[in-house]
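What's in input33.txt: compact mmCIF, C-alpha atoms (C1' of nucleotides)
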# COMPACT_ATOMS: atom_id res chain seq x y z
CA MET A 1 13.20 -8.10 9.77
CA ASN A 2 11.33 -6.54 6.87
CA ILE A 3 7.57 -6.39 6.74
CA GLY A 4 7.27 -9.31 4.31
CA GLN A 5 9.10 -11.66 6.59
CA VAL A 6 7.20 -10.57 9.65
CA SER A 7 3.97 -10.87 7.68
CA ASP A 8 4.78 -14.50 6.86
CA ARG A 9 5.77 -15.35 10.39
CA ALA A 10 2.88 -13.61 12.09
CA GLY A 11 0.37 -14.72 9.48
CA LEU A 12 -0.91 -11.19 9.01
CA PRO A 13 -1.07 -9.21 5.75
CA ALA A 14 1.53 -6.44 5.41
CA LYS A 15 -1.32 -3.95 5.01
CA THR A 16 -2.72 -4.96 8.36
CA ILE A 17 0.66 -4.62 10.03
CA ARG A 18 1.08 -1.10 8.65
CA TYR A 19 -2.40 -0.34 9.89
CA TYR A 20 -1.52 -1.61 13.35
CA GLU A 21 1.45 0.73 13.35
CA ASP A 22 -0.78 3.61 12.25
CA ILE A 23 -3.09 3.11 15.19
CA GLY A 24 -0.21 2.70 17.61
CA LEU A 25 -0.37 -1.01 18.45
CA ILE A 26 3.23 -1.54 17.39
CA ALA A 27 6.16 0.82 16.82
CA PRO A 28 8.84 -0.85 14.72
CA GLU A 29 12.19 0.85 14.10
CA ARG A 30 13.12 2.24 10.70
CA GLY A 31 16.23 1.45 8.69
CA ASP A 32 18.23 4.06 6.74
CA ASN A 33 16.23 3.23 3.64
CA GLY A 34 12.96 4.04 5.38
CA TYR A 35 11.95 0.40 5.60
CA ARG A 36 10.38 -0.80 8.82
CA ASP A 37 12.74 -2.98 10.83
CA PHE A 38 10.84 -5.36 13.08
CA SER A 39 12.34 -6.82 16.24
CA ASP A 40 11.38 -10.17 17.73
CA THR A 41 9.31 -8.26 20.25
CA ASP A 42 7.37 -6.64 17.43
CA LEU A 43 6.80 -10.07 15.92
CA HIS A 44 5.54 -11.41 19.21
CA ARG A 45 3.15 -8.53 19.57
CA LEU A 46 1.82 -9.18 16.07
CA VAL A 47 1.30 -12.88 16.79
CA PHE A 48 -0.47 -11.85 19.97
CA LEU A 49 -2.65 -9.45 18.01
CA GLY A 50 -3.43 -12.04 15.36
CA ARG A 51 -4.60 -14.53 17.93
CA ALA A 52 -6.56 -12.01 19.97
CA ARG A 53 -8.30 -10.73 16.84
CA GLY A 54 -8.94 -14.33 15.85
CA LEU A 55 -10.77 -14.76 19.13
CA GLY A 56 -12.90 -11.77 18.23
CA PHE A 57 -11.40 -9.19 20.59
CA THR A 58 -11.86 -5.69 19.19
CA ILE A 59 -8.85 -3.54 18.45
CA GLU A 60 -9.48 -1.55 21.62
CA GLU A 61 -9.66 -4.73 23.66
CA CYS A 62 -6.41 -5.80 22.03
CA ARG A 63 -4.87 -2.51 23.05
CA THR A 64 -5.92 -3.18 26.62
CA LEU A 65 -4.63 -6.74 26.49
CA LEU A 66 -1.31 -5.61 25.04
CA ALA A 67 -0.96 -3.05 27.81
CA LEU A 68 -1.56 -5.80 30.35
CA TYR A 69 0.87 -8.02 28.46
CA ASP A 70 3.51 -5.31 28.75
CA ASP A 71 2.79 -4.64 32.39
CA LYS A 72 4.77 -7.32 34.18
CA SER A 73 3.07 -6.52 37.46
CA ARG A 74 -0.52 -6.78 36.27
CA ALA A 75 -2.93 -8.93 38.21
CA SER A 76 -4.23 -11.91 36.25
CA ALA A 77 -7.68 -10.92 37.52
CA ASP A 78 -7.55 -7.83 35.29
CA VAL A 79 -6.91 -9.96 32.23
CA LYS A 80 -9.54 -12.47 33.22
CA ARG A 81 -12.14 -9.75 33.55
CA VAL A 82 -11.51 -8.46 30.03
CA ALA A 83 -11.69 -12.00 28.68
CA GLN A 84 -14.87 -12.80 30.56
CA GLU A 85 -16.57 -9.66 29.32
CA HIS A 86 -15.67 -10.70 25.83
CA LEU A 87 -16.98 -14.20 26.42
CA VAL A 88 -20.32 -12.72 27.39
CA GLN A 89 -20.36 -10.82 24.10
CA ILE A 90 -19.61 -14.00 22.17
CA ASP A 91 -22.38 -15.85 23.96
CA ALA A 92 -24.81 -13.05 23.19
CA LYS A 93 -23.82 -13.16 19.54
CA ILE A 94 -24.25 -16.93 19.42
CA ASP A 95 -27.69 -16.66 20.99
CA GLU A 96 -28.69 -13.99 18.52
CA LEU A 97 -27.55 -16.09 15.59
CA LYS A 98 -29.33 -19.14 16.93
CA ALA A 99 -32.56 -17.19 17.18
CA MET A 100 -32.12 -15.98 13.61
CA ARG A 101 -31.37 -19.50 12.52
CA ALA A 102 -34.46 -20.91 14.15
CA THR A 103 -36.76 -18.35 12.54
CA LEU A 104 -35.18 -18.66 9.15
CA SER A 105 -35.15 -22.43 9.35
CA ASP A 106 -38.89 -22.46 10.12
CA LEU A 107 -39.59 -20.26 7.13
CA ILE A 108 -37.49 -22.43 4.87
CA THR A 109 -39.22 -25.59 6.07
CA ALA A 110 -42.59 -24.06 5.34
CA CYS A 111 -41.60 -23.20 1.79
CA ALA A 112 -42.34 -25.79 -0.89
CA GLY A 113 -39.44 -24.57 -3.02
CA ASP A 114 -41.04 -25.47 -6.30
CA HIS A 115 -42.09 -23.59 -9.45
CA ARG A 116 -45.17 -22.06 -7.86
CA PRO A 117 -45.05 -18.42 -6.72
CA ASN A 118 -46.63 -18.88 -3.30
CA CYS A 119 -43.85 -18.53 -0.73
CA PRO A 120 -44.11 -18.54 3.09
CA ILE A 121 -40.65 -17.04 3.34
CA LEU A 122 -41.70 -13.86 1.60
CA SER A 123 -45.04 -13.67 3.39
CA GLY A 124 -43.30 -14.35 6.69
CA LEU A 125 -40.96 -11.45 6.07
CA ALA A 126 -43.76 -9.15 4.98
CA LYS A 127 -46.00 -9.41 7.99
CA ALA A 128 -45.13 -8.04 11.39
CA MET B 1 -47.35 9.38 5.70
CA ASN B 2 -44.34 11.36 6.87
CA ILE B 3 -41.08 9.71 7.71
CA GLY B 4 -41.62 9.90 11.46
CA GLN B 5 -44.84 7.98 11.33
CA VAL B 6 -43.46 5.36 8.99
CA SER B 7 -40.40 5.09 11.21
CA ASP B 8 -42.61 4.31 14.21
CA ARG B 9 -44.70 1.79 12.34
CA ALA B 10 -41.84 0.00 10.64
CA GLY B 11 -39.62 0.15 13.71
CA LEU B 12 -36.74 1.62 11.74
CA PRO B 13 -34.88 4.90 12.40
CA ALA B 14 -35.68 7.72 10.00
CA LYS B 15 -31.99 7.88 9.11
CA THR B 16 -32.09 4.26 8.01
CA ILE B 17 -35.19 4.84 5.91
CA ARG B 18 -33.52 7.76 4.13
CA TYR B 19 -30.51 5.55 3.57
CA TYR B 20 -32.69 2.83 2.07
CA GLU B 21 -34.11 5.39 -0.31
CA ASP B 22 -30.57 6.54 -1.21
CA ILE B 23 -29.56 3.04 -2.21
CA GLY B 24 -32.77 2.45 -4.12
CA LEU B 25 -34.61 -0.03 -1.91
CA ILE B 26 -37.65 2.22 -1.67
CA ALA B 27 -38.86 5.18 -3.70
CA PRO B 28 -41.44 7.20 -1.76
CA GLU B 29 -43.28 10.09 -3.37
CA ARG B 30 -42.57 13.69 -2.42
CA GLY B 31 -45.09 16.27 -1.26
CA ASP B 32 -45.06 19.92 -2.37
CA ASN B 33 -43.02 20.82 0.68
CA GLY B 34 -40.29 18.35 -0.27
CA TYR B 35 -41.26 15.94 2.48
CA ARG B 36 -41.28 12.24 1.65
CA ASP B 37 -44.81 10.87 1.42
CA PHE B 38 -44.88 7.15 2.13
CA SER B 39 -47.59 4.87 0.82
CA ASP B 40 -48.76 1.68 2.52
CA THR B 41 -46.69 -0.23 0.00
CA ASP B 42 -43.59 1.70 1.08
CA LEU B 43 -44.39 0.85 4.67
CA HIS B 44 -44.76 -2.83 3.85
CA ARG B 45 -41.44 -2.84 2.06
CA LEU B 46 -39.81 -1.24 5.07
CA VAL B 47 -41.30 -3.81 7.43
CA PHE B 48 -40.06 -6.49 5.06
CA LEU B 49 -36.60 -4.94 5.07
CA GLY B 50 -36.55 -4.64 8.83
CA ARG B 51 -37.37 -8.29 9.28
CA ALA B 52 -34.99 -9.50 6.59
CA ARG B 53 -32.15 -7.42 8.06
CA GLY B 54 -33.10 -8.76 11.48
CA LEU B 55 -32.54 -12.24 10.11
CA GLY B 56 -29.10 -11.16 9.00
CA PHE B 57 -29.69 -10.88 5.27
CA THR B 58 -27.31 -8.38 3.71
CA ILE B 59 -28.65 -5.35 1.90
CA GLU B 60 -27.93 -7.00 -1.45
CA GLU B 61 -29.78 -10.13 -0.38
CA CYS B 62 -32.65 -7.89 0.70
CA ARG B 63 -32.61 -6.28 -2.72
CA THR B 64 -32.91 -9.73 -4.29
CA LEU B 65 -35.67 -10.75 -1.90
CA LEU B 66 -37.60 -7.55 -2.55
CA ALA B 67 -37.35 -8.14 -6.30
CA LEU B 68 -38.76 -11.64 -5.78
CA TYR B 69 -41.42 -10.16 -3.51
CA ASP B 70 -42.44 -7.79 -6.29
CA ASP B 71 -42.37 -10.46 -8.95
CA LYS B 72 -45.74 -12.14 -8.60
CA SER B 73 -44.69 -14.96 -10.91
CA ARG B 74 -41.48 -15.92 -9.11
CA ALA B 75 -40.92 -19.56 -8.21
CA SER B 76 -40.78 -20.22 -4.49
CA ALA B 77 -37.67 -22.29 -5.21
CA ASP B 78 -35.79 -19.09 -6.06
CA VAL B 79 -36.63 -17.60 -2.70
CA LYS B 80 -35.84 -20.80 -0.89
CA ARG B 81 -32.42 -20.96 -2.48
CA VAL B 82 -31.51 -17.46 -1.30
CA ALA B 83 -32.71 -18.30 2.19
CA GLN B 84 -30.84 -21.58 2.30
CA GLU B 85 -27.60 -19.96 1.20
CA HIS B 86 -28.03 -17.48 4.00
CA LEU B 87 -28.75 -20.25 6.47
CA VAL B 88 -25.42 -21.83 5.56
CA GLN B 89 -23.71 -18.51 6.29
CA ILE B 90 -25.42 -18.30 9.66
CA ASP B 91 -24.35 -21.82 10.52
CA ALA B 92 -20.78 -21.04 9.52
CA LYS B 93 -20.82 -17.95 11.71
CA ILE B 94 -22.21 -19.91 14.64
CA ASP B 95 -19.52 -22.57 14.25
CA GLU B 96 -16.83 -19.92 14.11
CA LEU B 97 -18.13 -18.26 17.26
CA LYS B 98 -18.39 -21.58 19.05
CA ALA B 99 -14.77 -22.34 18.21
CA MET B 100 -13.74 -18.92 19.52
CA ARG B 101 -15.82 -19.49 22.60
CA ALA B 102 -14.22 -22.85 23.31
CA THR B 103 -10.69 -21.51 23.02
CA LEU B 104 -11.40 -18.44 25.06
CA SER B 105 -13.25 -20.41 27.67
CA ASP B 106 -10.29 -22.76 28.08
CA LEU B 107 -7.95 -19.83 28.56
CA ILE B 108 -10.26 -18.26 31.11
CA THR B 109 -10.58 -21.49 33.05
CA ALA B 110 -6.81 -21.83 33.19
CA CYS B 111 -6.42 -18.35 34.63
CA ALA B 112 -6.42 -18.00 38.39
CA GLY B 113 -7.78 -14.48 38.20
CA ASP B 114 -6.10 -13.29 41.34
CA HIS B 115 -3.60 -10.58 42.25
CA ARG B 116 -0.62 -12.45 40.82
CA PRO B 117 0.75 -11.45 37.42
CA ASN B 118 1.08 -14.92 35.93
CA CYS B 119 -1.71 -15.31 33.37
CA PRO B 120 -2.37 -18.23 31.00
CA ILE B 121 -4.65 -16.02 28.91
CA LEU B 122 -1.83 -13.69 27.95
CA SER B 123 0.66 -16.49 27.45
CA GLY B 124 -1.89 -18.42 25.41
CA LEU B 125 -2.34 -15.43 23.14
CA ALA B 126 1.39 -14.85 22.83
CA LYS B 127 2.47 -18.25 21.63
CA ALA B 128 1.57 -19.61 18.19
C1' DG C 1 26.55 -0.65 -15.61
C1' DG C 2 21.89 -1.45 -16.92
C1' DT C 3 17.71 -3.75 -16.33
C1' DT C 4 14.50 -6.59 -14.57
C1' DG C 5 11.31 -7.81 -10.86
C1' DA C 6 10.33 -8.31 -6.16
C1' DC C 7 9.82 -5.67 -2.20
C1' DC C 8 9.22 -1.56 0.23
C1' DT C 9 7.16 3.32 0.97
C1' DT C 10 3.11 6.80 1.42
C1' DC C 11 -1.38 8.41 0.51
C1' DC C 12 -6.11 8.18 -0.96
C1' DA C 13 -10.37 5.85 -1.48
C1' DG C 14 -13.67 2.18 -0.70
C1' DT C 15 -16.09 -1.52 2.00
C1' DG C 16 -21.23 -2.34 4.85
C1' DA C 17 -24.78 -0.47 6.93
C1' DC C 18 -25.63 2.73 9.03
C1' DT C 19 -25.17 6.98 12.61
C1' DG C 20 -24.28 11.78 14.20
C1' DG C 21 -24.34 16.44 13.51
C1' DA C 22 -24.61 21.02 11.23
C1' DG C 23 -27.39 24.24 9.04
C1' DG C 24 -31.67 25.35 7.43
C1' DC C 25 -36.80 25.00 5.82
C1' DC C 26 -41.71 23.92 7.30
C1' DC C 27 -45.73 23.50 10.21
C1' DT C 28 -48.57 24.08 14.21
C1' DA C 29 -49.76 26.15 18.52
C1' DT C 30 -49.69 29.77 21.59
C1' DA D 1 -44.25 36.39 16.35
C1' DT D 2 -42.04 33.01 18.35
C1' DA D 3 -41.13 28.47 20.15
C1' DG D 4 -40.96 23.71 19.33
C1' DG D 5 -40.72 19.87 16.76
C1' DG D 6 -40.33 17.56 12.43
C1' DC D 7 -38.44 17.49 8.08
C1' DC D 8 -34.71 18.40 4.48
C1' DT D 9 -29.69 17.79 2.52
C1' DC D 10 -24.94 17.09 2.90
C1' DC D 11 -20.71 15.82 5.14
C1' DA D 12 -18.11 13.09 8.21
C1' DG D 13 -17.34 9.20 11.18
C1' DT D 14 -17.72 4.33 12.57
C1' DC D 15 -14.69 -0.59 12.44
C1' DA D 16 -10.97 -3.05 10.76
C1' DC D 17 -9.15 -3.39 7.26
C1' DT D 18 -8.29 -3.71 1.80
C1' DG D 19 -7.12 -2.15 -2.90
C1' DG D 20 -4.65 0.59 -5.83
C1' DA D 21 -1.68 4.32 -7.61
C1' DA D 22 2.76 6.37 -7.79
C1' DG D 23 7.22 5.94 -6.68
C1' DG D 24 11.79 4.56 -4.02
C1' DT D 25 15.07 0.34 -2.97
C1' DC D 26 17.44 -3.85 -3.38
C1' DA D 27 19.50 -8.14 -5.17
C1' DA D 28 20.45 -10.74 -9.08
C1' DC D 29 21.56 -11.47 -13.61
C1' DC D 30 23.56 -10.18 -18.26

Can you give me the file's structure in the form of structure tokens?
Amino acid sequence: MNIGQVSDRAGLPAKTIRYYEDIGLIAPERGDNGYRDFSDTDLHRLVFLGRARGLGFTIEECRTLLALYDDKSRASADVKRVAQEHLVQIDAKIDELKAMRATLSDLITACAGDHRPNCPILSGLAKA
Amino acid sequence: MNIGQVSDRAGLPAKTIRYYEDIGLIAPERGDNGYRDFSDTDLHRLVFLGRARGLGFTIEECRTLLALYDDKSRASADVKRVAQEHLVQIDAKIDELKAMRATLSDLITACAGDHRPNCPILSGLAKA
DNA sequence: GGTTGACCTTCCAGTGACTGGAGGCCCTAT
DNA sequence: ATAGGGCCTCCAGTCACTGGAAGGTCAACC
């Protein structure tokens, strides 16, 4: 399979796939013309990567997950731990965004939003 | 004021303050020795920046907000609009993270997390 | 056989918002 | 005079791509 086809099937841009090869996440064969020749296994790895990235795993976490994916004798506990650590990160991020949202929402509510210059949003940002 | 003092008071690293000068968000004076000499106004702008960044505004949004802050005849509606657009972005981000969290949480729940290799997390990531 | 035009290749540079480090000047205290 | 800390600039690196230039390859059509 050429990169275009694998890009369509995996739902990842060709650029991204080349990048993943660069950083050693996949290692497709090469044809005589120098074109990458992707196997079904390569495609599966790319789908895996696309989904893991979509869940917010970092590239390094993906590398770990792929290694576990390849290791047929891994313990599911190892995978679960990685996933749980990531879940904690997501929760932290959500909490952070909620706090931001609350503060910003308060400022917005306090602002008349009319033609006058007086603005609690700007004064709220200015003072410590 | 030297950069160290302003860094302490604004709660921003000196590196970040230099960076903000580089990209034109502040323009402190210079002393004879070449050291930056920050005024109270510079400090206030840095505090403003720190808080706006803390609320997740991008640098370009901060630039806009600072311009409105400087413009004593701005309409509060202009500020409110910028803030509301940002609030929408925050909400979108929260929704995205919640969706990730839900999917990941389901996968984690389905995983026994023991010594056996079978793992619904990995299989969930592998299939489209 | 020539010519499109789509597809593939590599390499370099840019994104956002910093952060780290090297190498060197300046200031104060001992 | 020397030790230290603070300040300066400039360059490179981060993360995960993304865009673009310059050029090779392939299949189809005339």

Original post:
If we count all atoms listed in the file, what is near DG13 (chain D) at a cut-off of 10 Å, once residues fewer than 2 positions away on the same chain are taken out, given as number ranges by chain?
Top reply: C: 19-20; D: 11

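Using only C-alpha atoms (C1' of nucleotides), the residues found no farther than 9 Å from Arg101 (chain B), other than those of its own chain fewer than 6 positions away, are Leu55, Leu87, Ile90 and Asp91 of chain A.
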
Can you write out the residues you just picked, keeping C-alpha atoms, as a PDB file, in the frame of the given file?
ATOM      1  CA  LEU A  55     -10.770 -14.760  19.130  1.00  0.00           C
ATOM      2  CA  LEU A  87     -16.980 -14.200  26.420  1.00  0.00           C
ATOM      3  CA  ILE A  90     -19.610 -14.000  22.170  1.00  0.00           C
ATOM      4  CA  ASP A  91     -22.380 -15.850  23.960  1.00  0.00           C
TER       5      ASP A  91
END

Superposed chain A (on chain B, all in-order C-alpha pairs) as an mmCIF file with C-alpha atoms, in the frame of the given file:
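Wrote it out as part.cif, contents follow:
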data_model
loop_
_atom_site.group_PDB
_atom_site.id
_atom_site.type_symbol
_atom_site.label_atom_id
_atom_site.label_comp_id
_atom_site.auth_asym_id
_atom_site.auth_seq_id
_atom_site.Cartn_x
_atom_site.Cartn_y
_atom_site.Cartn_z
ATOM 1 C CA MET A 1 -47.433 9.357 5.665
ATOM 2 C CA ASN A 2 -44.421 11.341 6.820
ATOM 3 C CA ILE A 3 -41.136 9.710 7.672
ATOM 4 C CA GLY A 4 -41.703 9.918 11.435
ATOM 5 C CA GLN A 5 -44.912 7.983 11.264
ATOM 6 C CA VAL A 6 -43.505 5.370 8.949
ATOM 7 C CA SER A 7 -40.450 5.117 11.186
ATOM 8 C CA ASP A 8 -42.675 4.334 14.177
ATOM 9 C CA ARG A 9 -44.751 1.815 12.304
ATOM 10 C CA ALA A 10 -41.876 0.039 10.618
ATOM 11 C CA GLY A 11 -39.665 0.203 13.689
ATOM 12 C CA LEU A 12 -36.786 1.655 11.708
ATOM 13 C CA PRO A 13 -34.936 4.924 12.388
ATOM 14 C CA ALA A 14 -35.734 7.767 9.973
ATOM 15 C CA LYS A 15 -32.039 7.909 9.075
ATOM 16 C CA THR A 16 -32.126 4.300 7.993
ATOM 17 C CA ILE A 17 -35.219 4.863 5.884
ATOM 18 C CA ARG A 18 -33.568 7.788 4.098
ATOM 19 C CA TYR A 19 -30.552 5.587 3.560
ATOM 20 C CA TYR A 20 -32.720 2.862 2.065
ATOM 21 C CA GLU A 21 -34.116 5.424 -0.340
ATOM 22 C CA ASP A 22 -30.594 6.564 -1.219
ATOM 23 C CA ILE A 23 -29.571 3.068 -2.198
ATOM 24 C CA GLY A 24 -32.776 2.479 -4.123
ATOM 25 C CA LEU A 25 -34.610 -0.020 -1.911
ATOM 26 C CA ILE A 26 -37.660 2.219 -1.686
ATOM 27 C CA ALA A 27 -38.878 5.187 -3.731
ATOM 28 C CA PRO A 28 -41.449 7.190 -1.790
ATOM 29 C CA GLU A 29 -43.326 10.074 -3.418
ATOM 30 C CA ARG A 30 -42.648 13.680 -2.472
ATOM 31 C CA GLY A 31 -45.183 16.251 -1.333
ATOM 32 C CA ASP A 32 -45.170 19.904 -2.459
ATOM 33 C CA ASN A 33 -43.142 20.807 0.603
ATOM 34 C CA GLY A 34 -40.398 18.366 -0.341
ATOM 35 C CA TYR A 35 -41.333 15.948 2.416
ATOM 36 C CA ARG A 36 -41.336 12.260 1.596
ATOM 37 C CA ASP A 37 -44.849 10.859 1.349
ATOM 38 C CA PHE A 38 -44.908 7.146 2.091
ATOM 39 C CA SER A 39 -47.620 4.844 0.782
ATOM 40 C CA ASP A 40 -48.758 1.664 2.501
ATOM 41 C CA THR A 41 -46.689 -0.236 -0.027
ATOM 42 C CA ASP A 42 -43.608 1.685 1.049
ATOM 43 C CA LEU A 43 -44.407 0.843 4.658
ATOM 44 C CA HIS A 44 -44.756 -2.816 3.823
ATOM 45 C CA ARG A 45 -41.443 -2.819 2.046
ATOM 46 C CA LEU A 46 -39.802 -1.216 5.075
ATOM 47 C CA VAL A 47 -41.299 -3.794 7.440
ATOM 48 C CA PHE A 48 -40.059 -6.461 5.063
ATOM 49 C CA LEU A 49 -36.606 -4.903 5.074
ATOM 50 C CA GLY A 50 -36.557 -4.603 8.848
ATOM 51 C CA ARG A 51 -37.362 -8.254 9.295
ATOM 52 C CA ALA A 52 -34.981 -9.454 6.603
ATOM 53 C CA ARG A 53 -32.158 -7.376 8.080
ATOM 54 C CA GLY A 54 -33.102 -8.714 11.496
ATOM 55 C CA LEU A 55 -32.532 -12.195 10.136
ATOM 56 C CA GLY A 56 -29.089 -11.100 9.024
ATOM 57 C CA PHE A 57 -29.684 -10.848 5.275
ATOM 58 C CA THR A 58 -27.293 -8.340 3.721
ATOM 59 C CA ILE A 59 -28.640 -5.311 1.920
ATOM 60 C CA GLU A 60 -27.904 -6.957 -1.419
ATOM 61 C CA GLU A 61 -29.752 -10.084 -0.360
ATOM 62 C CA CYS A 62 -32.629 -7.859 0.707
ATOM 63 C CA ARG A 63 -32.602 -6.264 -2.712
ATOM 64 C CA THR A 64 -32.875 -9.700 -4.265
ATOM 65 C CA LEU A 65 -35.636 -10.723 -1.880
ATOM 66 C CA LEU A 66 -37.565 -7.525 -2.553
ATOM 67 C CA ALA A 67 -37.292 -8.133 -6.282
ATOM 68 C CA LEU A 68 -38.697 -11.615 -5.760
ATOM 69 C CA TYR A 69 -41.367 -10.154 -3.493
ATOM 70 C CA ASP A 70 -42.376 -7.782 -6.277
ATOM 71 C CA ASP A 71 -42.306 -10.458 -8.932
ATOM 72 C CA LYS A 72 -45.684 -12.125 -8.583
ATOM 73 C CA SER A 73 -44.637 -14.944 -10.873
ATOM 74 C CA ARG A 74 -41.441 -15.919 -9.081
ATOM 75 C CA ALA A 75 -40.886 -19.537 -8.189
ATOM 76 C CA SER A 76 -40.746 -20.180 -4.451
ATOM 77 C CA ALA A 77 -37.653 -22.276 -5.182
ATOM 78 C CA ASP A 78 -35.761 -19.079 -6.042
ATOM 79 C CA VAL A 79 -36.598 -17.576 -2.673
ATOM 80 C CA LYS A 80 -35.804 -20.781 -0.858
ATOM 81 C CA ARG A 81 -32.382 -20.941 -2.450
ATOM 82 C CA VAL A 82 -31.469 -17.439 -1.284
ATOM 83 C CA ALA A 83 -32.689 -18.265 2.211
ATOM 84 C CA GLN A 84 -30.822 -21.550 2.334
ATOM 85 C CA GLU A 85 -27.592 -19.927 1.231
ATOM 86 C CA HIS A 86 -28.027 -17.454 4.018
ATOM 87 C CA LEU A 87 -28.728 -20.218 6.505
ATOM 88 C CA VAL A 88 -25.424 -21.803 5.581
ATOM 89 C CA GLN A 89 -23.706 -18.493 6.311
ATOM 90 C CA ILE A 90 -25.404 -18.275 9.697
ATOM 91 C CA ASP A 91 -24.365 -21.810 10.550
ATOM 92 C CA ALA A 92 -20.790 -21.045 9.564
ATOM 93 C CA LYS A 93 -20.819 -17.959 11.753
ATOM 94 C CA ILE A 94 -22.227 -19.915 14.687
ATOM 95 C CA ASP A 95 -19.557 -22.576 14.287
ATOM 96 C CA GLU A 96 -16.853 -19.949 14.152
ATOM 97 C CA LEU A 97 -18.129 -18.287 17.299
ATOM 98 C CA LYS A 98 -18.395 -21.604 19.086
ATOM 99 C CA ALA A 99 -14.789 -22.382 18.255
ATOM 100 C CA MET A 100 -13.742 -18.974 19.556
ATOM 101 C CA ARG A 101 -15.800 -19.535 22.653
ATOM 102 C CA ALA A 102 -14.242 -22.891 23.361
ATOM 103 C CA THR A 103 -10.693 -21.568 23.059
ATOM 104 C CA LEU A 104 -11.379 -18.487 25.089
ATOM 105 C CA SER A 105 -13.251 -20.457 27.710
ATOM 106 C CA ASP A 106 -10.282 -22.823 28.113
ATOM 107 C CA LEU A 107 -7.934 -19.902 28.584
ATOM 108 C CA ILE A 108 -10.214 -18.304 31.129
ATOM 109 C CA THR A 109 -10.541 -21.549 33.074
ATOM 110 C CA ALA A 110 -6.786 -21.883 33.211
ATOM 111 C CA CYS A 111 -6.376 -18.397 34.627
ATOM 112 C CA ALA A 112 -6.354 -18.056 38.411
ATOM 113 C CA GLY A 113 -7.724 -14.518 38.207
ATOM 114 C CA ASP A 114 -6.025 -13.327 41.341
ATOM 115 C CA HIS A 115 -3.496 -10.612 42.231
ATOM 116 C CA ARG A 116 -0.534 -12.501 40.813
ATOM 117 C CA PRO A 117 0.834 -11.502 37.393
ATOM 118 C CA ASN A 118 1.144 -14.981 35.907
ATOM 119 C CA CYS A 119 -1.648 -15.357 33.354
ATOM 120 C CA PRO A 120 -2.334 -18.276 30.973
ATOM 121 C CA ILE A 121 -4.605 -16.072 28.908
ATOM 122 C CA LEU A 122 -1.788 -13.753 27.944
ATOM 123 C CA SER A 123 0.708 -16.566 27.438
ATOM 124 C CA GLY A 124 -1.868 -18.475 25.413
ATOM 125 C CA LEU A 125 -2.318 -15.489 23.143
ATOM 126 C CA ALA A 126 1.407 -14.912 22.815
ATOM 127 C CA LYS A 127 2.469 -18.309 21.599
ATOM 128 C CA ALA A 128 1.585 -19.708 18.215
#

Subject >> Of the listed residues C:DG5, C:DT28, C:DG23, C:DA17, that which approaches chain B most closely, counting only C-alpha atoms (C1' of nucleotides) >> reply: C:DA17

**OP:** Using only C-alpha atoms (C1' of nucleotides), find which residues of chain D lie within 9 Å of chain A and jot them down as a list in words.
**Re:**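 The selection requested is DC15, DA16, DC17, DT18, DG24 and DT25 of chain D.
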
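Relative to CA of Ala75 (chain A), CA of His115 (chain B) is found at 4.4 Å.
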
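For the pair CA of Gly54 (chain B) and CA of Tyr69 (chain B), the interatomic distance is 17.2 Å.
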
Subject >> Shortest interatomic distance to chain A - which of B:Ala77, B:Leu65, B:Ala27, B:Ala83, counting only C-alpha atoms >> reply: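 The answer is B:Ala77, which sits nearest to chain A.
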
Please, could N, CA and C atoms be added to region 114-123 of chain B and the result written as a PDB file, in the frame of the given file?
ATOM      1  N   ASP B 114      -6.366 -13.876  40.023  1.00  0.00           N
ATOM      2  CA  ASP B 114      -6.100 -13.290  41.340  1.00  0.00           C
ATOM      3  C   ASP B 114      -5.149 -12.103  41.192  1.00  0.00           C
ATOM      4  N   HIS B 115      -4.460 -11.763  42.266  1.00  0.00           N
ATOM      5  CA  HIS B 115      -3.600 -10.580  42.250  1.00  0.00           C
ATOM      6  C   HIS B 115      -2.247 -10.858  41.613  1.00  0.00           C
ATOM      7  N   ARG B 116      -1.935 -12.118  41.375  1.00  0.00           N
ATOM      8  CA  ARG B 116      -0.620 -12.450  40.820  1.00  0.00           C
ATOM      9  C   ARG B 116      -0.561 -12.147  39.321  1.00  0.00           C
ATOM     10  N   PRO B 117       0.630 -11.854  38.825  1.00  0.00           N
ATOM     11  CA  PRO B 117       0.750 -11.450  37.420  1.00  0.00           C
ATOM     12  C   PRO B 117       0.679 -12.610  36.436  1.00  0.00           C
ATOM     13  N   ASN B 118       1.047 -13.791  36.856  1.00  0.00           N
ATOM     14  CA  ASN B 118       1.080 -14.920  35.930  1.00  0.00           C
ATOM     15  C   ASN B 118      -0.309 -15.184  35.337  1.00  0.00           C
ATOM     16  N   CYS B 119      -0.392 -15.185  33.988  1.00  0.00           N
ATOM     17  CA  CYS B 119      -1.710 -15.310  33.370  1.00  0.00           C
ATOM     18  C   CYS B 119      -1.685 -16.148  32.096  1.00  0.00           C
ATOM     19  N   PRO B 120      -2.327 -17.319  32.156  1.00  0.00           N
ATOM     20  CA  PRO B 120      -2.370 -18.230  31.000  1.00  0.00           C
ATOM     21  C   PRO B 120      -3.112 -17.616  29.806  1.00  0.00           C
ATOM     22  N   ILE B 121      -3.947 -16.655  30.039  1.00  0.00           N
ATOM     23  CA  ILE B 121      -4.650 -16.020  28.910  1.00  0.00           C
ATOM     24  C   ILE B 121      -3.643 -15.278  28.056  1.00  0.00           C
ATOM     25  N   LEU B 122      -2.832 -14.456  28.699  1.00  0.00           N
ATOM     26  CA  LEU B 122      -1.830 -13.690  27.950  1.00  0.00           C
ATOM     27  C   LEU B 122      -0.788 -14.604  27.318  1.00  0.00           C
ATOM     28  N   SER B 123      -0.349 -15.612  28.062  1.00  0.00           N
ATOM     29  CA  SER B 123       0.660 -16.490  27.450  1.00  0.00           C
ATOM     30  C   SER B 123       0.038 -17.317  26.331  1.00  0.00           C
TER      31      SER B 123
END
